[in-house]
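Text of model.tsv, listed as TSV, C-alpha atoms:
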chain	number	residue	atom	x	y	z
A	148	MET	CA	0.00	0.00	0.00
A	149	PRO	CA	2.73	2.57	0.78
A	150	LEU	CA	4.37	1.84	-2.58
A	151	ALA	CA	1.03	2.14	-4.39
A	152	HIS	CA	0.32	5.47	-2.69
A	153	ALA	CA	3.82	6.74	-3.55
A	154	LEU	CA	3.21	5.93	-7.22
A	155	ARG	CA	-0.20	7.60	-7.14
A	156	ALA	CA	1.24	10.72	-5.49
A	157	ALA	CA	3.79	10.92	-8.32
A	158	GLY	CA	0.94	11.02	-10.85
A	159	HIS	CA	0.84	7.39	-11.96
A	160	ASP	CA	-2.17	5.09	-12.34
A	161	VAL	CA	-2.36	2.04	-10.09
A	162	ARG	CA	-4.81	-0.83	-10.38
A	163	TYR	CA	-5.00	-3.96	-8.24
A	164	ALA	CA	-5.93	-7.34	-9.73
A	165	VAL	CA	-6.79	-9.48	-6.71
A	166	GLY	CA	-8.97	-12.41	-5.76
A	167	ASP	CA	-9.50	-11.50	-2.13
A	168	ALA	CA	-9.14	-8.55	0.28
A	169	LEU	CA	-10.86	-6.22	-2.18
A	170	ASP	CA	-12.23	-4.14	0.69
A	171	ALA	CA	-8.71	-3.47	1.95
A	172	VAL	CA	-7.78	-2.02	-1.42
A	173	THR	CA	-10.84	0.17	-1.79
A	174	ALA	CA	-10.62	1.36	1.84
A	175	ALA	CA	-7.16	2.69	0.97
A	176	GLY	CA	-8.68	4.82	-1.81
A	177	LEU	CA	-7.36	2.57	-4.59
A	178	HIS	CA	-9.06	0.66	-7.40
A	179	ALA	CA	-9.31	-3.11	-7.69
A	180	VAL	CA	-10.66	-5.71	-10.08
A	181	ASP	CA	-11.97	-8.99	-8.66
A	182	ILE	CA	-10.20	-11.66	-10.71
A	183	THR	CA	-11.95	-14.65	-9.10
A	184	PRO	CA	-15.55	-13.52	-8.45
A	185	GLY	CA	-17.48	-15.89	-6.23
A	186	LEU	CA	-14.53	-18.21	-5.55
A	187	ASP	CA	-14.32	-19.78	-2.08
A	188	TYR	CA	-10.60	-19.83	-1.29
A	189	THR	CA	-10.97	-22.24	1.61
A	190	LYS	CA	-10.51	-25.31	-0.57
A	191	VAL	CA	-7.75	-23.64	-2.56
A	192	TRP	CA	-5.66	-23.08	0.56
A	193	VAL	CA	-6.54	-26.37	2.22
A	194	PRO	CA	-7.82	-29.03	-0.21
A	195	ASP	CA	-9.62	-32.04	1.24
A	196	GLY	CA	-7.18	-34.17	3.21
A	197	ALA	CA	-4.39	-31.58	3.18
A	198	GLU	CA	-2.72	-30.12	6.26
A	199	ASP	CA	-3.35	-26.47	7.09
A	200	PRO	CA	-0.31	-24.69	5.56
A	201	MET	CA	-0.22	-22.26	8.48
A	202	TYR	CA	1.06	-25.03	10.73
A	203	VAL	CA	3.20	-27.20	8.48
A	204	GLU	CA	6.54	-27.60	10.24
A	205	ASP	CA	8.66	-28.49	7.20
A	206	ALA	CA	7.42	-25.68	4.95
A	207	GLY	CA	10.56	-24.91	2.97
A	208	VAL	CA	10.73	-23.06	-0.32
A	209	GLU	CA	9.55	-26.13	-2.26
A	210	PHE	CA	6.42	-26.32	-0.13
A	211	LEU	CA	5.77	-22.59	-0.64
A	212	ALA	CA	6.12	-22.99	-4.41
A	213	THR	CA	3.64	-25.87	-4.48
A	214	LEU	CA	1.14	-24.05	-2.24
A	215	PHE	CA	1.28	-20.71	-4.01
A	216	GLY	CA	1.50	-22.31	-7.41
A	217	ARG	CA	-1.96	-23.71	-6.65
A	218	VAL	CA	-3.26	-20.38	-5.31
A	219	SER	CA	-1.77	-18.42	-8.22
A	220	GLY	CA	-3.14	-20.95	-10.70
A	221	VAL	CA	-6.78	-20.12	-9.92
A	222	GLU	CA	-6.00	-16.42	-10.45
A	223	VAL	CA	-4.04	-16.60	-13.70
A	224	ASP	CA	-6.97	-16.24	-16.10
A	225	GLY	CA	-8.42	-13.21	-14.33
A	226	ALA	CA	-5.05	-11.52	-13.82
A	227	LEU	CA	-4.13	-12.00	-17.46
A	228	GLU	CA	-7.47	-10.63	-18.65
A	229	VAL	CA	-7.05	-7.50	-16.51
A	230	ALA	CA	-3.46	-7.00	-17.66
A	231	ARG	CA	-4.40	-7.26	-21.34
A	232	SER	CA	-7.27	-4.80	-21.01
A	233	TYR	CA	-5.50	-2.33	-18.69
A	234	ARG	CA	-2.15	-2.46	-20.55
A	235	PRO	CA	0.17	-1.54	-17.66
A	236	ASP	CA	3.79	-0.51	-18.16
A	237	LEU	CA	4.90	-2.35	-15.03
A	238	ILE	CA	3.52	-5.15	-12.86
A	239	VAL	CA	4.24	-5.32	-9.13
A	240	HIS	CA	3.47	-8.61	-7.39
A	241	SER	CA	4.16	-10.29	-4.09
A	242	ALA	CA	6.94	-12.87	-4.25
A	243	ALA	CA	4.54	-15.80	-3.95
A	244	GLN	CA	2.00	-14.53	-6.49
A	245	GLY	CA	2.96	-16.29	-9.69
A	246	ALA	CA	0.17	-14.79	-11.79
A	247	GLY	CA	1.98	-11.44	-11.78
A	248	ALA	CA	5.13	-12.78	-13.40
A	249	LEU	CA	3.07	-14.77	-15.92
A	250	ALA	CA	1.11	-11.68	-16.97
A	251	ALA	CA	4.32	-9.63	-17.28
A	252	ALA	CA	5.83	-12.34	-19.49
A	253	ALA	CA	2.69	-12.43	-21.64
A	254	LEU	CA	2.74	-8.65	-22.17
A	255	GLY	CA	6.51	-8.42	-22.52
A	256	ILE	CA	6.85	-5.84	-19.75
A	257	PRO	CA	9.08	-5.71	-16.65
A	258	CYS	CA	7.86	-6.73	-13.23
A	259	VAL	CA	8.73	-6.04	-9.61
A	260	GLU	CA	8.78	-8.92	-7.14
A	261	LEU	CA	7.98	-7.81	-3.60
A	262	PRO	CA	8.60	-10.28	-0.74
A	263	LEU	CA	6.32	-9.59	2.21
A	264	GLY	CA	9.00	-10.53	4.73
A	265	PRO	CA	11.76	-13.04	5.49
A	266	ALA	CA	9.53	-16.08	5.00
A	267	ASP	CA	8.95	-15.54	1.25
A	268	SER	CA	12.30	-13.90	0.45
A	269	ASP	CA	14.14	-17.00	-0.78
A	270	PRO	CA	15.37	-16.05	-4.30
A	271	ARG	CA	14.80	-19.64	-5.45
A	272	LEU	CA	11.05	-19.23	-5.00
A	273	ALA	CA	10.50	-17.50	-8.37
A	274	GLY	CA	11.98	-20.36	-10.39
A	275	LEU	CA	10.21	-23.05	-8.38
A	276	LEU	CA	6.92	-21.16	-8.68
A	277	ARG	CA	7.41	-20.90	-12.43
A	278	GLU	CA	7.91	-24.68	-12.57
A	279	ALA	CA	4.85	-25.32	-10.38
A	280	MET	CA	2.79	-23.24	-12.83
A	281	LYS	CA	4.21	-24.89	-15.94
A	282	GLY	CA	0.74	-26.00	-17.02
A	283	ASP	CA	-0.62	-22.45	-16.75
A	284	TYR	CA	2.21	-21.10	-18.93
A	285	GLU	CA	1.62	-23.82	-21.53
A	286	ARG	CA	-2.14	-23.34	-21.46
A	287	HIS	CA	-1.73	-19.65	-22.31
A	288	GLY	CA	1.13	-20.19	-24.76
A	289	ILE	CA	3.67	-18.20	-22.77
A	290	PRO	CA	7.13	-19.70	-23.29
A	291	GLY	CA	9.38	-17.24	-21.48
A	292	THR	CA	9.73	-14.95	-18.50
A	293	PRO	CA	9.37	-11.16	-18.10
A	294	PRO	CA	12.05	-9.20	-20.00
A	295	ARG	CA	13.31	-7.82	-16.69
A	296	THR	CA	12.54	-8.55	-13.05
A	297	VAL	CA	13.53	-6.50	-10.02
A	298	ARG	CA	13.17	-7.66	-6.42
A	299	ILE	CA	12.52	-5.24	-3.57
A	300	THR	CA	13.63	-6.15	-0.06
A	301	SER	CA	12.77	-4.44	3.20
A	302	VAL	CA	15.50	-6.24	5.18
A	303	PRO	CA	18.77	-4.34	5.87
A	304	GLU	CA	21.80	-5.60	3.98
A	305	ARG	CA	23.68	-6.68	7.12
A	306	LEU	CA	20.80	-9.04	8.04
A	307	ALA	CA	20.58	-10.57	4.55
A	308	PRO	CA	22.74	-13.60	5.51
A	309	LEU	CA	19.99	-14.56	7.98
A	310	LEU	CA	17.38	-14.82	5.22
A	311	PRO	CA	16.46	-18.16	3.64
A	312	GLY	CA	18.19	-19.00	0.38
A	313	GLY	CA	21.65	-17.64	1.10
A	314	GLU	CA	23.23	-15.13	-1.28
A	315	ARG	CA	20.95	-12.32	-2.44
A	316	PRO	CA	20.35	-11.76	-6.17
A	317	GLU	CA	22.01	-8.88	-8.01
A	318	HIS	CA	18.67	-7.49	-9.15
A	319	GLU	CA	17.49	-6.77	-5.60
A	320	TRP	CA	16.69	-3.20	-4.53
A	321	SER	CA	16.31	-2.00	-0.95
A	322	MET	CA	13.20	-0.18	0.26
A	323	ARG	CA	12.37	0.91	3.77
A	324	TYR	CA	9.38	-0.87	5.28
A	325	VAL	CA	6.58	1.61	5.96
A	326	PRO	CA	3.87	0.18	8.26
A	327	TYR	CA	0.37	0.13	6.82
A	328	ASN	CA	-2.51	-0.96	9.05
A	329	GLY	CA	-5.44	0.83	7.47
A	330	GLY	CA	-7.13	3.94	8.82
A	331	ALA	CA	-8.93	4.21	12.13
A	332	VAL	CA	-10.19	6.60	14.78
A	333	LEU	CA	-7.76	5.94	17.61
A	334	PRO	CA	-9.26	5.16	21.03
A	335	ASP	CA	-8.88	7.77	23.79
A	336	TRP	CA	-6.62	5.57	25.91
A	337	LEU	CA	-4.11	5.35	23.05
A	338	SER	CA	-3.87	9.13	22.83
A	339	ARG	CA	-2.93	9.53	26.50
A	340	PRO	CA	0.45	8.64	28.08
A	341	ALA	CA	0.38	5.20	29.68
A	342	ASP	CA	0.60	5.07	33.49
A	343	ARG	CA	3.26	2.36	33.28
A	344	PRO	CA	5.20	0.49	30.56
A	345	ARG	CA	2.97	-1.01	27.92
A	346	ILE	CA	3.38	-4.38	26.17
A	347	ALA	CA	1.39	-5.21	23.04
A	348	VAL	CA	0.23	-8.80	22.56
A	349	THR	CA	-1.08	-10.00	19.20
A	350	LEU	CA	-1.46	-13.09	17.04
A	351	GLY	CA	-2.10	-11.02	13.93
A	352	SER	CA	-5.18	-11.11	11.73
A	353	ILE	CA	-5.49	-14.90	11.42
A	354	GLY	CA	-3.83	-16.82	14.25
A	355	ALA	CA	-6.26	-15.94	17.05
A	356	GLN	CA	-9.31	-17.35	15.30
A	357	TRP	CA	-10.68	-20.89	15.62
A	358	GLY	CA	-9.37	-21.29	19.17
A	359	GLY	CA	-5.81	-20.25	18.37
A	360	ILE	CA	-5.95	-17.55	21.02
A	361	THR	CA	-5.62	-20.21	23.72
A	362	VAL	CA	-1.84	-20.31	23.14
A	363	LEU	CA	-1.72	-16.99	24.98
A	364	ALA	CA	-3.19	-18.46	28.20
A	365	PRO	CA	0.22	-18.89	29.94
A	366	LEU	CA	1.19	-15.32	29.08
A	367	VAL	CA	-2.10	-13.89	30.29
A	368	ALA	CA	-1.87	-15.90	33.53
A	369	ALA	CA	1.58	-14.44	34.22
A	370	ALA	CA	0.73	-10.85	33.25
A	371	GLY	CA	-0.58	-9.99	36.71
A	372	GLU	CA	2.93	-10.49	38.13
A	373	VAL	CA	4.46	-7.85	35.86
A	374	ASP	CA	4.37	-4.09	36.49
A	375	ALA	CA	3.12	-3.24	33.02
A	376	GLU	CA	-0.06	-2.71	31.04
A	377	PHE	CA	-0.75	-5.45	28.47
A	378	VAL	CA	-2.82	-4.59	25.40
A	379	LEU	CA	-4.16	-7.78	23.84
A	380	THR	CA	-5.60	-7.48	20.33
A	381	LEU	CA	-8.16	-10.25	19.88
A	382	GLY	CA	-8.23	-10.40	16.08
A	383	GLY	CA	-11.46	-12.41	16.06
A	384	GLY	CA	-10.41	-14.68	18.93
A	385	ASP	CA	-12.75	-15.58	21.80
A	386	VAL	CA	-11.39	-13.89	24.92
A	387	GLU	CA	-13.42	-16.21	27.16
A	388	LEU	CA	-11.07	-19.02	26.20
A	389	LEU	CA	-8.38	-17.28	28.26
A	390	GLY	CA	-10.32	-17.38	31.52
A	391	GLU	CA	-10.32	-14.48	33.98
A	392	LEU	CA	-7.98	-11.71	32.89
A	393	PRO	CA	-5.66	-9.86	35.31
A	394	ARG	CA	-6.57	-6.23	35.89
A	395	ASN	CA	-3.55	-5.00	33.94
A	396	VAL	CA	-4.65	-6.72	30.70
A	397	ARG	CA	-6.64	-4.53	28.32
A	398	THR	CA	-8.39	-6.25	25.41
A	399	VAL	CA	-9.36	-4.68	22.12
A	400	GLU	CA	-10.75	-6.40	19.04
A	401	TRP	CA	-8.47	-4.47	16.69
A	402	VAL	CA	-6.30	-1.36	16.75
A	403	PRO	CA	-3.76	-0.18	14.14
A	404	LEU	CA	-0.46	-1.75	15.11
A	405	ALA	CA	1.90	1.14	14.38
A	406	PRO	CA	0.13	3.74	16.57
A	407	LEU	CA	-0.13	1.13	19.32
A	408	LEU	CA	3.58	0.26	19.17
A	409	GLU	CA	4.53	3.93	19.31
A	410	THR	CA	3.35	3.78	22.94
A	411	CYS	CA	4.83	0.38	23.80
A	412	ALA	CA	8.05	-0.75	25.47
A	413	GLY	CA	7.74	-4.25	24.01
A	414	ILE	CA	5.61	-6.63	21.99
A	415	VAL	CA	4.78	-10.35	22.18
A	416	HIS	CA	3.55	-11.80	18.90
A	417	HIS	CA	3.32	-14.77	16.53
A	418	ALA	CA	6.32	-13.89	14.34
A	419	GLY	CA	4.18	-12.69	11.45
A	420	SER	CA	6.03	-10.71	8.77
A	421	GLY	CA	4.05	-7.48	9.02
A	422	THR	CA	4.15	-7.45	12.82
A	423	LEU	CA	7.87	-8.23	12.86
A	424	LEU	CA	8.82	-5.47	10.40
A	425	THR	CA	6.50	-2.90	11.98
A	426	ALA	CA	8.10	-3.44	15.39
A	427	MET	CA	11.59	-3.28	13.84
A	428	THR	CA	10.73	-0.01	12.09
A	429	LEU	CA	9.58	1.51	15.38
A	430	GLY	CA	12.49	0.18	17.48
A	431	VAL	CA	10.37	-1.95	19.81
A	432	PRO	CA	11.95	-5.06	21.46
A	433	GLN	CA	10.12	-8.25	20.50
A	434	CYS	CA	9.32	-11.64	21.97
A	435	VAL	CA	7.97	-14.08	19.38
A	436	LEU	CA	6.03	-17.32	19.79
A	437	PRO	CA	6.63	-19.04	16.43
A	438	ASP	CA	4.28	-21.89	15.53
A	439	GLY	CA	4.79	-23.07	11.98
A	440	ALA	CA	7.64	-23.00	9.51
A	441	TYR	CA	7.01	-19.59	7.89
A	442	GLN	CA	7.14	-18.04	11.34
A	443	ARG	CA	10.47	-19.79	12.02
A	444	ALA	CA	12.16	-17.86	9.22
A	445	ASN	CA	10.90	-14.59	10.68
A	446	SER	CA	11.94	-15.66	14.17
A	447	ASP	CA	15.46	-16.55	13.00
A	448	LEU	CA	15.90	-13.08	11.51
A	449	LEU	CA	14.71	-11.38	14.69
A	450	VAL	CA	16.94	-13.41	17.00
A	451	GLY	CA	19.92	-12.87	14.71
A	452	SER	CA	19.35	-9.11	14.75
A	453	GLY	CA	19.57	-9.02	18.54
A	454	ALA	CA	16.35	-6.99	18.73
A	455	GLY	CA	14.25	-9.81	20.17
A	456	PHE	CA	14.05	-13.40	21.31
A	457	ALA	CA	11.88	-16.45	20.77
A	458	VAL	CA	10.16	-18.66	23.32
A	459	ASP	CA	7.66	-21.50	23.26
A	460	ALA	CA	4.14	-20.18	23.89
A	461	ALA	CA	3.60	-22.77	26.63
A	462	GLU	CA	6.67	-21.56	28.53
A	463	ILE	CA	6.35	-17.78	28.42
A	464	GLY	CA	5.94	-16.16	31.83
A	465	ALA	CA	6.70	-13.09	33.90
A	466	ALA	CA	10.47	-13.42	33.41
A	467	GLU	CA	10.22	-13.11	29.63
A	468	CYS	CA	7.93	-10.09	29.94
A	469	ARG	CA	10.35	-8.39	32.32
A	470	ARG	CA	13.19	-9.14	29.92
A	471	LEU	CA	11.33	-7.23	27.21
A	472	LEU	CA	11.11	-4.23	29.51
A	473	GLU	CA	14.47	-4.37	31.26
A	474	ASP	CA	17.12	-5.96	29.01
A	475	PRO	CA	19.31	-3.06	27.82
A	476	ALA	CA	20.90	-5.14	25.05
A	477	LEU	CA	17.49	-5.81	23.47
A	478	ARG	CA	16.54	-2.14	23.56
A	479	THR	CA	19.88	-0.98	22.20
A	480	ALA	CA	19.68	-3.46	19.31
A	481	ALA	CA	16.06	-2.54	18.55
A	482	LEU	CA	16.76	1.20	18.48
A	483	GLY	CA	19.90	0.66	16.41
A	484	LEU	CA	17.95	-1.38	13.89
A	485	ARG	CA	15.26	1.31	13.72
A	486	ASP	CA	17.88	3.98	13.01
A	487	GLU	CA	19.51	1.76	10.38
A	488	LEU	CA	16.21	1.18	8.58
A	489	ARG	CA	15.41	4.89	8.56
A	490	GLY	CA	18.89	6.09	7.73
A	491	THR	CA	20.10	3.67	5.06
A	492	MET	CA	17.04	2.40	3.20
A	493	PRO	CA	15.11	4.58	0.72
A	494	SER	CA	11.43	5.20	1.26
A	495	PRO	CA	8.82	3.98	-1.26
A	496	ALA	CA	8.58	7.55	-2.58
A	497	ALA	CA	12.35	7.70	-3.13
A	498	LEU	CA	12.14	4.53	-5.21
A	499	VAL	CA	9.54	5.93	-7.64
A	500	PRO	CA	12.09	7.44	-10.10
A	501	ARG	CA	13.84	4.05	-10.41
A	502	LEU	CA	10.50	2.37	-11.04
A	503	GLU	CA	9.68	4.99	-13.69
A	504	GLU	CA	12.96	4.22	-15.43
A	505	LEU	CA	12.25	0.49	-15.23
A	506	ALA	CA	8.78	0.96	-16.72
A	507	ALA	CA	10.11	3.17	-19.49
Let me see whether you can do it: turn the structure in this file into structure tokens.
Amino acid sequence: MPLAHALRAAGHDVRYAVGDALDAVTAAGLHAVDITPGLDYTKVWVPDGAEDPMYVEDAGVEFLATLFGRVSGVEVDGALEVARSYRPDLIVHSAAQGAGALAAAALGIPCVELPLGPADSDPRLAGLLREAMKGDYERHGIPGTPPRTVRITSVPERLAPLLPGGERPEHEWSMRYVPYNGGAVLPDWLSRPADRPRIAVTLGSIGAQWGGITVLAPLVAAAGEVDAEFVLTLGGGDVELLGELPRNVRTVEWVPLAPLLETCAGIVHHAGSGTLLTAMTLGVPQCVLPDGAYQRANSDLLVGSGAGFAVDAAEIGAAECRRLLEDPALRTAALGLRDELRGTMPSPAALVPRLEELAA
């Protein structure tokens, strides 16, 4: 979204071709075309008899290519139809969205590959995804690849060795991560200084649903022993599954993460990419509770940066919460990483002239 808004502010046209999350696009003041109208994605993500990909332990790059080859495959026809009618000069797509590269190859235009975080940043993913979608390329008579591809990374260069896939490709550009959480009227309590240190707790937009919030029970039970205010975002989870809450635990269904973290001394979360990078951008120490392979990649990056630590959700207690608040090494690393991101990586707006040159 920040990149799309930067392009729009520079006078360019932007159009999304998506099969889901259309409301998120239109709420941001942007235009979208539904490329899979009426499709229920449940069976696309988890076919009958398959394991939920959110919790597959051995989800390496080959698994990601197979999974997103299937997801991209149902979107190819719609994406290609939009591209041929809209006639863009450049296609930007997430690293795991293979329909973007296919459409760019069909039109003979360059494309920009945008990993959403460490988990999908393996440079081998593009080739494996192309192979997984071999039938889609043959069906549409597309023999090659886009004439030029550029990758954009939001991870600082010194942390690149911690990313999956080893050496980074030569065609990779850096871009500072700019948090985007949608617009909202902020609650009154978020606009006032906190009475004591504040710790955010979240499982993101997916993990808390269907009973997943119960993994936070040990943390919530220990919160009363810590001199801090805990803000727990429910994200669709049933708070009653956590039992009686200590008085210093505030619950909220949803609140924009960046404004919340601006008031926080620490965050406990699921190691999701957006949450991880938002906290890094704001210099907030992190404790992650990874559960699933894609979260492991994010966790490894965080631990290697020194700006946070990982713990099993069943074992987190008051000591880990106090470490978030009191460990000077964590805070120093987090603030240093924040300054590095802001000082050495160009903003989305600063990247627009390079994208214009690429499109030309």
Worksheet item: So, counting only C-alpha atoms, which residue among A:Asp269, A:Glu400, A:Asp181, A:Glu473 is closest to Leu309 (chain A)?
Response: A:Asp269
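If only C-alpha atoms are the atoms counted, then among A:Val499, A:Ala465, A:Val399, A:Ala481 the closest residue to Thr428 (chain A) is A:Ala481.
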Fill in: Point (17.1, 3.6, 11.3), cut-off 10 Å, counting only C-alpha atoms, residues as a PyMOL selection string
chain A and resi 303+323+427-430+481-492
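Closest to Pro432 (chain A) among A:Arg397, A:Arg469, A:Arg271, A:His318 is A:Arg469, based on only C-alpha atoms.
Checking A:Val435, A:Leu254, A:Val172, A:Ala331 one by one against Glu467 (chain A), counting only C-alpha atoms, you find the shortest gap at A:Val435.
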Item to complete: Quote the spacing between CA of Val208 (chain A) and CA of Ile182 (chain A) in Å to one decimal place.
Response: 26.0 Å
Worksheet item: Using only C-alpha atoms, which residue out of A:Arg470, A:Arg277, A:Arg339, A:Arg231 lies closest to Ala246 (chain A)?
Response: A:Arg277
Discussion item. Ranking A:Leu249, A:Val431, A:Leu237, A:Ala457 by minimum distance to Leu472 (chain A) and counting only C-alpha atoms, which one comes first?
Written reply: A:Val431
Practice prompt. Starting from the point (15.0, -19.3, 17.8), work out which residues of protein, DNA or RNA have an atom no more than 9 Å away when counting only C-alpha atoms; state them as a VMD selection string.
Written response: chain A and resid 435 437 443 446 to 451 456 to 458
Could you take the residues named above and write them with C-alpha atoms, as a PDB file, in the frame of the given file?
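File produced: part.pdb:
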ATOM      1  CA  VAL A 435       7.970 -14.080  19.380  1.00  0.00           C
ATOM      2  CA  PRO A 437       6.630 -19.040  16.430  1.00  0.00           C
ATOM      3  CA  ARG A 443      10.470 -19.790  12.020  1.00  0.00           C
ATOM      4  CA  SER A 446      11.940 -15.660  14.170  1.00  0.00           C
ATOM      5  CA  ASP A 447      15.460 -16.550  13.000  1.00  0.00           C
ATOM      6  CA  LEU A 448      15.900 -13.080  11.510  1.00  0.00           C
ATOM      7  CA  LEU A 449      14.710 -11.380  14.690  1.00  0.00           C
ATOM      8  CA  VAL A 450      16.940 -13.410  17.000  1.00  0.00           C
ATOM      9  CA  GLY A 451      19.920 -12.870  14.710  1.00  0.00           C
ATOM     10  CA  PHE A 456      14.050 -13.400  21.310  1.00  0.00           C
ATOM     11  CA  ALA A 457      11.880 -16.450  20.770  1.00  0.00           C
ATOM     12  CA  VAL A 458      10.160 -18.660  23.320  1.00  0.00           C
TER      13      VAL A 458
END
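CA of Pro475 (chain A) sits 21.1 Å away from CA of Leu436 (chain A).
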Worksheet entry | Shell around His287 (chain A) at 9 Å using only C-alpha atoms, local window under 3 positions removed, as a VMD selection string | chain A and resid 224 253 282 to 284 290
Step by step, gather every atom of region 217-236 of chain A that the file lists, find the box along x, y and z that holds them, add 4 Å on each side, and finally give centre and edge lengths in Å to one decimal, as JSON.
{"center_x": -2.3, "center_y": -12.1, "center_z": -13.3, "size_x": 20.2, "size_y": 31.2, "size_z": 24.0}
Item to complete: Mind checking which residues fall within 12 Å of Gly216 (chain A), counting only C-alpha atoms, ignoring those fewer than 5 positions away in the same chain, and posting them as a PyMOL selection string?
Response: chain A and resi 191-192+208-211+221-223+242-249+272-284
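Proximity to region 177-180 of chain A at 8 Å, evaluated using only C-alpha atoms and with sequence-adjacent residues fewer than 6 positions away removed, yields Val161, Arg162, Tyr163, Ala164, Val165, Leu169 and Val229 of chain A.
Here CA of Ala418 (chain A) is placed at a distance of 28.9 Å from CA of Gly176 (chain A).
Neighbours of region 352-368 of chain A closer than or equal to 9 Å, with only C-alpha atoms counted and sequence neighbours fewer than 3 positions away skipped, come out as A:Met201, A:Val348, A:Thr349, A:Gly371, A:Glu372, A:Phe377, A:Leu381, A:Gly382, A:Gly383, A:Gly384, A:Asp385, A:Val386, A:Leu388, A:Leu389, A:Gly390, A:Glu391, A:Leu392, A:Pro393, A:Val396, A:Trp401, A:His417, A:Ala460, A:Ala461, A:Glu462, A:Ile463, A:Gly464, A:Ala465, A:Cys468.
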How would the residues just chosen look if you wrote them out with C-alpha atoms as a PDB file, in the frame of the given file?
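Contents of selection-v1.pdb, freshly written:
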ATOM      1  CA  MET A 201      -0.220 -22.260   8.480  1.00  0.00           C
ATOM      2  CA  VAL A 348       0.230  -8.800  22.560  1.00  0.00           C
ATOM      3  CA  THR A 349      -1.080 -10.000  19.200  1.00  0.00           C
ATOM      4  CA  GLY A 371      -0.580  -9.990  36.710  1.00  0.00           C
ATOM      5  CA  GLU A 372       2.930 -10.490  38.130  1.00  0.00           C
ATOM      6  CA  PHE A 377      -0.750  -5.450  28.470  1.00  0.00           C
ATOM      7  CA  LEU A 381      -8.160 -10.250  19.880  1.00  0.00           C
ATOM      8  CA  GLY A 382      -8.230 -10.400  16.080  1.00  0.00           C
ATOM      9  CA  GLY A 383     -11.460 -12.410  16.060  1.00  0.00           C
ATOM     10  CA  GLY A 384     -10.410 -14.680  18.930  1.00  0.00           C
ATOM     11  CA  ASP A 385     -12.750 -15.580  21.800  1.00  0.00           C
ATOM     12  CA  VAL A 386     -11.390 -13.890  24.920  1.00  0.00           C
ATOM     13  CA  LEU A 388     -11.070 -19.020  26.200  1.00  0.00           C
ATOM     14  CA  LEU A 389      -8.380 -17.280  28.260  1.00  0.00           C
ATOM     15  CA  GLY A 390     -10.320 -17.380  31.520  1.00  0.00           C
ATOM     16  CA  GLU A 391     -10.320 -14.480  33.980  1.00  0.00           C
ATOM     17  CA  LEU A 392      -7.980 -11.710  32.890  1.00  0.00           C
ATOM     18  CA  PRO A 393      -5.660  -9.860  35.310  1.00  0.00           C
ATOM     19  CA  VAL A 396      -4.650  -6.720  30.700  1.00  0.00           C
ATOM     20  CA  TRP A 401      -8.470  -4.470  16.690  1.00  0.00           C
ATOM     21  CA  HIS A 417       3.320 -14.770  16.530  1.00  0.00           C
ATOM     22  CA  ALA A 460       4.140 -20.180  23.890  1.00  0.00           C
ATOM     23  CA  ALA A 461       3.600 -22.770  26.630  1.00  0.00           C
ATOM     24  CA  GLU A 462       6.670 -21.560  28.530  1.00  0.00           C
ATOM     25  CA  ILE A 463       6.350 -17.780  28.420  1.00  0.00           C
ATOM     26  CA  GLY A 464       5.940 -16.160  31.830  1.00  0.00           C
ATOM     27  CA  ALA A 465       6.700 -13.090  33.900  1.00  0.00           C
ATOM     28  CA  CYS A 468       7.930 -10.090  29.940  1.00  0.00           C
TER      29      CYS A 468
END
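Using all atoms listed in the file, the protein and nucleic acid residues lying no more than 9 Å from region 297-302 of chain A, apart from those fewer than 3 places from it along its own chain, are Ala242, Pro257, Cys258, Val259, Glu260, Leu261, Pro262, Leu263, Gly264, Pro265, Ser268, Pro270, Arg305, Leu306, Ala307, Leu310, Pro316, His318, Glu319, Trp320, Ser321, Met322, Arg323, Tyr324, Leu424, Leu488, Met492 and Leu505 of chain A.
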Set out as a Markdown table a contact list for region 308-348 of chain A and region 402-411 of chain A with a cut-off of 8 Å, giving each residue of region 308-348 of chain A that qualifies its closest atom pair and distance in Å to one decimal, counting all atoms listed in the file, ordered by chain and rising residue number.
| residue | atom | partner | partner_atom | distance |
| --- | --- | --- | --- | --- |
| A:Pro326 | CA | A:Ala405 | CA | 6.5 |
| A:Tyr327 | CA | A:Ala405 | CA | 7.8 |
| A:Asn328 | CA | A:Pro403 | CA | 5.3 |
| A:Gly329 | CA | A:Pro403 | CA | 7.0 |
| A:Gly330 | CA | A:Pro403 | CA | 7.5 |
| A:Ala331 | CA | A:Pro403 | CA | 7.1 |
| A:Leu333 | CA | A:Val402 | CA | 7.5 |
| A:Leu337 | CA | A:Leu407 | CA | 6.9 |
| A:Pro340 | CA | A:Thr410 | CA | 7.6 |
| A:Ala341 | CA | A:Thr410 | CA | 7.5 |
| A:Pro344 | CA | A:Cys411 | CA | 6.8 |
| A:Arg345 | CA | A:Cys411 | CA | 4.7 |
| A:Ile346 | CA | A:Cys411 | CA | 5.5 |
| A:Ala347 | CA | A:Cys411 | CA | 6.6 |
